[in-house]
Amino acid sequence: MSALLQVSNLVTEFGGGRGRSGLKAVNDVSFSVDRGKVLGLVGESGSGKTVTGFSILRLLERPGRITGGRILFDGTDIANCSEEEMRNLRGKRIAMVFQDPMMTLNPVLTIGTQMVEAVQAHDKVSKDVARQRSRDALGLVGIPSPEERLAAYPHQFSGGMRQRVAIAIALLHQPDLIIADEPTTALDVTIQSQIIYEFQRLAEESNTAVIWITHDLAIVSRLADDIAVMYAGRLVETGPVGEVLTDPRHPYTAGLIASVPSQNRRGEPLHQIRGMTPAINRLPQGCSFRTRCDRATEGCLIMPDLIPEEDRAFRCIHPVMKEVA
């Protein structure tokens, strides 16, 4: 059985046109997500994670545009779908939870009005049925007194509560695929755990595929089945989350893992990856991580391909290898 979503050699550029190449924010990215599975898409800010999510949903604003690759959703290449076809997919079969909930919520309409409209945009049900579904969705994400809260406006919620409302809207139609962009950043630990549990349950019981975009490896380790690590617009390592996080191959992945605070290293300074992520208009020659990597040699002046290793892959000619005792 083929994957629900197959992204192949995706390229998203900004600028350019009229025969000129733009800046590649997403560069030759390929991955797949099966029904009922969670893919963790991780990396530092500016690595291309969010642009990848926006590209899948075709939500890029000019001068951004997809210039290469395929996005197969349930067998259909949605990279070439019309805008009307995409409108029928968005919210119904593919939903997105944005990092900023105000990208989802209209400040001049009540939460109830927005949620009812979201239901009726795709399902021909009565207003009462739509309201019931909206109330149930708010309760699912931990909004207290959901019936009363339907009459409230977005500004009457805290930032964390607005994010929970945005997640509830994404769950209204039980979509086949949810793209969640840092959805728990503004939530406290208790609610964060609740939301993670609901996404896990959704994947298992409703066979929903999830792409979880984050920089938080702790969340990925709890939630995801597979992980894809991005750096400077490219994938640098992919594989089952347990294997990658316990035995990383790419130095960047290893650096991210070493930067996570650990109870086993109390009193020791946190590890840091030296330098900063380069801007996409000033990428170094060859491997983009070369100038920050302690393993770099002259061979790194040429961009390496993804090297397959059983059910995982990494983009490095000097991979990290776990020492065997």
# chains A, B, ... in the order shown; residues from 1 in each chain; ligands from 1

$ closest_atom_pairs --of "stretch 175-246 of chain A" --to "stretch 309-321 of chain A" --cutoff "8 Å" --atoms "only C-alpha atoms" --output "CSV"
residue,atom,partner,partner_atom,distance
A:Leu235,CA,A:Arg315,CA,7.6
A:Val236,CA,A:Arg315,CA,4.8
A:Glu237,CA,A:Phe314,CA,4.1
A:Thr238,CA,A:Ala313,CA,5.3
A:Gly239,CA,A:Arg312,CA,4.1
A:Pro240,CA,A:Arg312,CA,7.0

$ residues_around --residues "A:Gly69" --least-positions-apart "6" --cutoff "9 Å" --atoms "only C-alpha atoms" --output "list of chain:residue names"
A:Val7, A:Ser8, A:Asn9, A:Leu10, A:Val11, A:Asp28, A:Val29, A:Ser30, A:Ala79

$ write_last_selection --atoms "N, CA and C atoms" --output "compact mmCIF listing (two decimals), in the first residue's frame"
# COMPACT_ATOMS: atom_id res chain seq x y z
N VAL A 7 6.22 13.17 -0.89
CA VAL A 7 6.87 14.38 -1.39
C VAL A 7 8.16 13.95 -2.07
N SER A 8 8.33 14.31 -3.34
CA SER A 8 9.49 13.85 -4.11
C SER A 8 10.23 15.03 -4.72
N ASN A 9 11.49 15.21 -4.32
CA ASN A 9 12.38 16.22 -4.91
C ASN A 9 11.76 17.61 -4.95
N LEU A 10 11.08 17.98 -3.88
CA LEU A 10 10.39 19.27 -3.80
C LEU A 10 11.39 20.43 -3.76
N VAL A 11 11.14 21.42 -4.60
CA VAL A 11 11.96 22.64 -4.61
C VAL A 11 11.02 23.84 -4.52
N ASP A 28 15.21 20.09 -3.00
CA ASP A 28 15.28 18.66 -3.31
C ASP A 28 14.88 17.80 -2.10
N VAL A 29 13.74 18.11 -1.50
CA VAL A 29 13.27 17.42 -0.29
C VAL A 29 12.32 16.30 -0.66
N SER A 30 12.57 15.10 -0.11
CA SER A 30 11.72 13.93 -0.36
C SER A 30 11.43 13.21 0.95
N ALA A 79 0.61 19.34 -6.41
CA ALA A 79 1.45 20.47 -6.84
C ALA A 79 0.90 21.10 -8.11

$ select_by_dssp --residues "stretch 123-311 of chain A" --states "alpha helix (DSSP H)" --output "count of residues only"
70

$ closest_residue --among "A:Ala218, A:Leu59, A:Val97, A:Val229" --to "A:Phe31" --atoms "only C-alpha atoms"
A:Val229

$ atom_distance --atom1 "atom CA of A:Ser259" --atom2 "atom CA of A:Gln272"
5.9 Å

$ residues_around --residues "A:Gln194" --least-positions-apart "6" --cutoff "10 Å" --atoms "only C-alpha atoms" --output "PDB file with C-alpha atoms, in the first residue's frame"
ATOM      1  CA  LEU A 140     -11.544  17.710  23.177  1.00  0.00           C
ATOM      2  CA  VAL A 141      -8.654  20.189  23.401  1.00  0.00           C
ATOM      3  CA  GLY A 142      -9.387  21.148  26.998  1.00  0.00           C
ATOM      4  CA  GLN A 200      -1.504  10.191  19.059  1.00  0.00           C
TER       5      GLN A 200
END

$ select_by_dssp --residues "stretch 28-173 of chain A" --states "strand (DSSP E or B)" --output "list in words"
Asp28, Val29, Ser30, Phe31, Ser32, Val33, Val38, Leu39, Gly40, Leu41, Val42, Gly64, Arg65, Ile66, Thr67, Gly68, Gly69, Arg70, Ile71, Leu72, Phe73, Thr76, Asp77, Arg90, Ile94, Ala95, Met96 and Val97 of chain A

$ atom_distance --atom1 "atom CA of A:Met276" --atom2 "atom CA of A:Phe289"
9.8 Å

$ decode --residues "stretch 70-91 of chain A" --atoms "N, CA and C atoms" --output "PDB file, in the first residue's frame"
ATOM      1  N   ARG A  70       7.307  16.730  -6.907  1.00  0.00           N
ATOM      2  CA  ARG A  70       5.916  16.281  -6.892  1.00  0.00           C
ATOM      3  C   ARG A  70       5.434  16.179  -5.448  1.00  0.00           C
ATOM      4  N   ILE A  71       4.137  16.412  -5.263  1.00  0.00           N
ATOM      5  CA  ILE A  71       3.492  16.253  -3.960  1.00  0.00           C
ATOM      6  C   ILE A  71       2.287  15.348  -4.178  1.00  0.00           C
ATOM      7  N   LEU A  72       2.469  14.058  -4.002  1.00  0.00           N
ATOM      8  CA  LEU A  72       1.394  13.097  -4.230  1.00  0.00           C
ATOM      9  C   LEU A  72       0.600  12.904  -2.942  1.00  0.00           C
ATOM     10  N   PHE A  73      -0.666  13.312  -2.978  1.00  0.00           N
ATOM     11  CA  PHE A  73      -1.561  13.108  -1.846  1.00  0.00           C
ATOM     12  C   PHE A  73      -2.646  12.130  -2.268  1.00  0.00           C
ATOM     13  N   ASP A  74      -2.616  10.962  -1.657  1.00  0.00           N
ATOM     14  CA  ASP A  74      -3.573   9.898  -1.979  1.00  0.00           C
ATOM     15  C   ASP A  74      -3.588   9.628  -3.482  1.00  0.00           C
ATOM     16  N   GLY A  75      -2.413   9.665  -4.087  1.00  0.00           N
ATOM     17  CA  GLY A  75      -2.271   9.334  -5.499  1.00  0.00           C
ATOM     18  C   GLY A  75      -2.398  10.491  -6.460  1.00  0.00           C
ATOM     19  N   THR A  76      -2.785  11.672  -5.992  1.00  0.00           N
ATOM     20  CA  THR A  76      -2.960  12.848  -6.855  1.00  0.00           C
ATOM     21  C   THR A  76      -1.831  13.849  -6.620  1.00  0.00           C
ATOM     22  N   ASP A  77      -1.235  14.347  -7.689  1.00  0.00           N
ATOM     23  CA  ASP A  77      -0.168  15.336  -7.578  1.00  0.00           C
ATOM     24  C   ASP A  77      -0.790  16.707  -7.337  1.00  0.00           C
ATOM     25  N   ILE A  78      -0.853  17.092  -6.062  1.00  0.00           N
ATOM     26  CA  ILE A  78      -1.515  18.349  -5.731  1.00  0.00           C
ATOM     27  C   ILE A  78      -0.646  19.566  -6.035  1.00  0.00           C
ATOM     28  N   ALA A  79       0.614  19.339  -6.410  1.00  0.00           N
ATOM     29  CA  ALA A  79       1.448  20.471  -6.838  1.00  0.00           C
ATOM     30  C   ALA A  79       0.896  21.103  -8.105  1.00  0.00           C
ATOM     31  N   ASN A  80       0.094  20.326  -8.858  1.00  0.00           N
ATOM     32  CA  ASN A  80      -0.467  20.830 -10.115  1.00  0.00           C
ATOM     33  C   ASN A  80      -1.983  20.999 -10.065  1.00  0.00           C
ATOM     34  N   CYS A  81      -2.579  20.892  -8.866  1.00  0.00           N
ATOM     35  CA  CYS A  81      -4.028  21.069  -8.740  1.00  0.00           C
ATOM     36  C   CYS A  81      -4.410  22.534  -8.922  1.00  0.00           C
ATOM     37  N   SER A  82      -5.643  22.757  -9.345  1.00  0.00           N
ATOM     38  CA  SER A  82      -6.152  24.125  -9.446  1.00  0.00           C
ATOM     39  C   SER A  82      -6.415  24.660  -8.040  1.00  0.00           C
ATOM     40  N   GLU A  83      -6.581  25.978  -7.941  1.00  0.00           N
ATOM     41  CA  GLU A  83      -6.841  26.582  -6.641  1.00  0.00           C
ATOM     42  C   GLU A  83      -8.180  26.110  -6.082  1.00  0.00           C
ATOM     43  N   GLU A  84      -9.166  25.901  -6.936  1.00  0.00           N
ATOM     44  CA  GLU A  84     -10.461  25.410  -6.475  1.00  0.00           C
ATOM     45  C   GLU A  84     -10.337  24.000  -5.896  1.00  0.00           C
ATOM     46  N   GLU A  85      -9.565  23.156  -6.552  1.00  0.00           N
ATOM     47  CA  GLU A  85      -9.344  21.801  -6.035  1.00  0.00           C
ATOM     48  C   GLU A  85      -8.632  21.844  -4.691  1.00  0.00           C
ATOM     49  N   MET A  86      -7.678  22.767  -4.534  1.00  0.00           N
ATOM     50  CA  MET A  86      -6.965  22.876  -3.261  1.00  0.00           C
ATOM     51  C   MET A  86      -7.894  23.384  -2.157  1.00  0.00           C
ATOM     52  N   ARG A  87      -8.799  24.291  -2.476  1.00  0.00           N
ATOM     53  CA  ARG A  87      -9.743  24.788  -1.472  1.00  0.00           C
ATOM     54  C   ARG A  87     -10.627  23.662  -0.953  1.00  0.00           C
ATOM     55  N   ASN A  88     -10.964  22.721  -1.837  1.00  0.00           N
ATOM     56  CA  ASN A  88     -11.775  21.578  -1.414  1.00  0.00           C
ATOM     57  C   ASN A  88     -10.998  20.619  -0.519  1.00  0.00           C
ATOM     58  N   LEU A  89      -9.678  20.608  -0.668  1.00  0.00           N
ATOM     59  CA  LEU A  89      -8.838  19.730   0.156  1.00  0.00           C
ATOM     60  C   LEU A  89      -8.500  20.363   1.505  1.00  0.00           C
ATOM     61  N   ARG A  90      -8.175  21.658   1.484  1.00  0.00           N
ATOM     62  CA  ARG A  90      -7.750  22.340   2.709  1.00  0.00           C
ATOM     63  C   ARG A  90      -8.884  22.376   3.724  1.00  0.00           C
ATOM     64  N   GLY A  91      -8.562  21.978   4.940  1.00  0.00           N
ATOM     65  CA  GLY A  91      -9.555  21.979   6.002  1.00  0.00           C
ATOM     66  C   GLY A  91     -10.365  20.709   6.053  1.00  0.00           C
TER      67      GLY A  91
END
